[in-house]
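The next block holds one structure in the form of C-alpha cells; read it before the comments.
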Amino acid sequence: MATAGLDHGMLWTDLEGRELNGRWKLNRLVRPEGRTAWFEAMGPEGKPAMLSITETLNDEDDLLERLWAAGQIRHPNLVAIREAAVAHIDGMPLVIAVMEPT
C-alpha cells in the first residue's frame, strides 16, 4: 500500500472526500505511485478533473516549473494540464496538477 507522507499512518485513500485549496474535491483515488497519486476530482464549477498530487520534498518550485512547461505542450494524444498549484493538507505542502479527466 502506498502511503502519503502527510502522516506516517495515512494512506492516499484517506484523502478521498477531502477538499484542496477550497477549490477541488477529491473523489476516487485512481492510482497511487510513490509520492504521487492521481484522483478523480470535482472543480469549483462542478467541472470534473483529474488531479495529480505530489508530496513535496522541498522541491515545490522545481515541480511547478516542470508542470508549467508541460502545460504548454498541446497534442491530441496528450492529457492537457489546466493548472498547477501548491496546496496544503494538514500543513504538508503538495503540488497539484489539474488535468482534463481521462
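Following the order of the C-alpha cells, first chain is A, next is B, and so on, with residues numbered from 1 inside each chain and ligands from 1 in the order they appear.
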List the spatial neighbours of A:Ile96 as a list in words - criterion: any atom at most 9 Å away, only C-alpha atoms, same-chain residues fewer than 5 positions off excluded.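 Returned residues: Leu51, Ser52, Ile53, Thr54, Leu64, Glu83, Ala84, Ala85, Val86 and Ala87 of chain A.
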Same residues, C-alpha atoms, output as an mmCIF file, in the first residue's frame:
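Saved file selection-v3.cif follows:
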```cif
data_model
loop_
_atom_site.group_PDB
_atom_site.id
_atom_site.type_symbol
_atom_site.label_atom_id
_atom_site.label_comp_id
_atom_site.auth_asym_id
_atom_site.auth_seq_id
_atom_site.Cartn_x
_atom_site.Cartn_y
_atom_site.Cartn_z
ATOM 1 C CA LEU A 51 -5.663 15.711 -10.142
ATOM 2 C CA SER A 52 -2.095 14.558 -9.874
ATOM 3 C CA ILE A 53 -0.944 15.211 -6.311
ATOM 4 C CA THR A 54 2.732 15.009 -5.416
ATOM 5 C CA LEU A 64 5.770 23.640 -10.556
ATOM 6 C CA GLU A 83 -3.345 24.367 -13.886
ATOM 7 C CA ALA A 84 -0.501 23.730 -11.438
ATOM 8 C CA ALA A 85 -0.504 24.933 -7.845
ATOM 9 C CA VAL A 86 0.696 24.287 -4.322
ATOM 10 C CA ALA A 87 -1.921 23.075 -1.835
#
```
What lies within 7 Å of stretch 20-25 of chain A using only C-alpha atoms, ignoring chain neighbours under 2 positions off, as a list in words?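 Close residues of stretch 20-25 of chain A: Gly17, Arg18, Asn27, Ala41, Met42, Gly43, Pro44 and Ala87 of chain A.
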For the selection just defined, write its residues with C-alpha atoms to a file, as an mmCIF file, in the first residue's frame.
```cif
data_model
loop_
_atom_site.group_PDB
_atom_site.id
_atom_site.type_symbol
_atom_site.label_atom_id
_atom_site.label_comp_id
_atom_site.auth_asym_id
_atom_site.auth_seq_id
_atom_site.Cartn_x
_atom_site.Cartn_y
_atom_site.Cartn_z
ATOM 1 C CA GLY A 17 -13.526 13.215 0.011
ATOM 2 C CA ARG A 18 -11.109 15.948 1.189
ATOM 3 C CA ASN A 27 -13.191 11.862 -5.228
ATOM 4 C CA ALA A 41 -11.913 15.322 -8.673
ATOM 5 C CA MET A 42 -14.559 17.991 -8.993
ATOM 6 C CA GLY A 43 -13.640 21.605 -9.638
ATOM 7 C CA PRO A 44 -15.263 24.766 -8.305
ATOM 8 C CA ALA A 87 -1.921 23.075 -1.835
#
```
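The closest residue to A:Ala70, picked from A:Arg35, A:Arg82, A:Arg28, A:His88 and counting only C-alpha atoms, is A:Arg82.
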Report, in Å to a single decimal, how far apart atom CA of A:Val30 and atom CA of A:Glu55 are.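 About the pair atom CA of A:Glu55 and atom CA of A:Val30: they are 16.3 Å apart.
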For A:Gly71, work out the shell of residues within 10 Å, counting only C-alpha atoms and skipping chain neighbours fewer than 3 positions away, then give it as a PyMOL selection string. chain A and resi 65-68+74+79-84+97-99
Store the residues of this selection in a file with N, CA, C and O atoms, as a short mmCIF file (atom, residue, chain, number, x, y, z; two decimals), in the first residue's frame.
```cif
data_model
loop_
_atom_site.label_atom_id
_atom_site.label_comp_id
_atom_site.auth_asym_id
_atom_site.auth_seq_id
_atom_site.Cartn_x
_atom_site.Cartn_y
_atom_site.Cartn_z
N GLU A 65 7.63 24.35 -11.94
CA GLU A 65 8.27 24.78 -13.18
C GLU A 65 8.10 23.72 -14.28
O GLU A 65 7.77 24.02 -15.42
N ARG A 66 8.31 22.45 -13.91
CA ARG A 66 8.15 21.37 -14.89
C ARG A 66 6.70 21.23 -15.34
O ARG A 66 6.43 20.99 -16.52
N LEU A 67 5.77 21.35 -14.40
CA LEU A 67 4.35 21.24 -14.76
C LEU A 67 3.91 22.39 -15.66
O LEU A 67 3.16 22.19 -16.61
N TRP A 68 4.36 23.60 -15.37
CA TRP A 68 4.01 24.74 -16.22
C TRP A 68 4.57 24.56 -17.63
O TRP A 68 3.91 24.85 -18.61
N ARG A 74 0.73 21.09 -26.42
CA ARG A 74 -0.60 20.72 -26.90
C ARG A 74 -0.46 19.65 -27.97
O ARG A 74 0.27 19.83 -28.94
N VAL A 79 -2.72 14.33 -22.41
CA VAL A 79 -3.67 14.92 -21.47
C VAL A 79 -3.21 16.33 -21.15
O VAL A 79 -2.05 16.54 -20.77
N ALA A 80 -4.09 17.30 -21.31
CA ALA A 80 -3.74 18.70 -21.07
C ALA A 80 -3.69 19.00 -19.58
O ALA A 80 -4.56 18.58 -18.82
N ILE A 81 -2.68 19.74 -19.18
CA ILE A 81 -2.58 20.24 -17.81
C ILE A 81 -3.23 21.61 -17.81
O ILE A 81 -2.78 22.52 -18.51
N ARG A 82 -4.29 21.76 -17.04
CA ARG A 82 -5.03 23.02 -16.99
C ARG A 82 -4.41 24.02 -16.02
O ARG A 82 -4.49 25.22 -16.22
N GLU A 83 -3.83 23.50 -14.95
CA GLU A 83 -3.35 24.37 -13.89
C GLU A 83 -2.35 23.60 -13.03
O GLU A 83 -2.44 22.38 -12.91
N ALA A 84 -1.42 24.32 -12.41
CA ALA A 84 -0.50 23.73 -11.44
C ALA A 84 -0.45 24.67 -10.24
O ALA A 84 -0.42 25.89 -10.41
N ALA A 97 -1.41 19.07 -10.01
CA ALA A 97 -1.59 19.32 -11.45
C ALA A 97 -3.04 19.00 -11.76
O ALA A 97 -3.51 17.89 -11.51
N VAL A 98 -3.75 20.00 -12.25
CA VAL A 98 -5.16 19.82 -12.62
C VAL A 98 -5.19 19.51 -14.11
O VAL A 98 -4.71 20.32 -14.91
N MET A 99 -5.73 18.35 -14.43
CA MET A 99 -5.74 17.90 -15.83
C MET A 99 -7.16 17.59 -16.28
O MET A 99 -8.05 17.42 -15.47
#
```
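Atom CA of A:Asp61 is positioned 24.8 Å from atom CA of A:Met10.
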Quick one, how far is atom CA of A:Thr102 from atom CA of A:Ala49? 8.2 Å
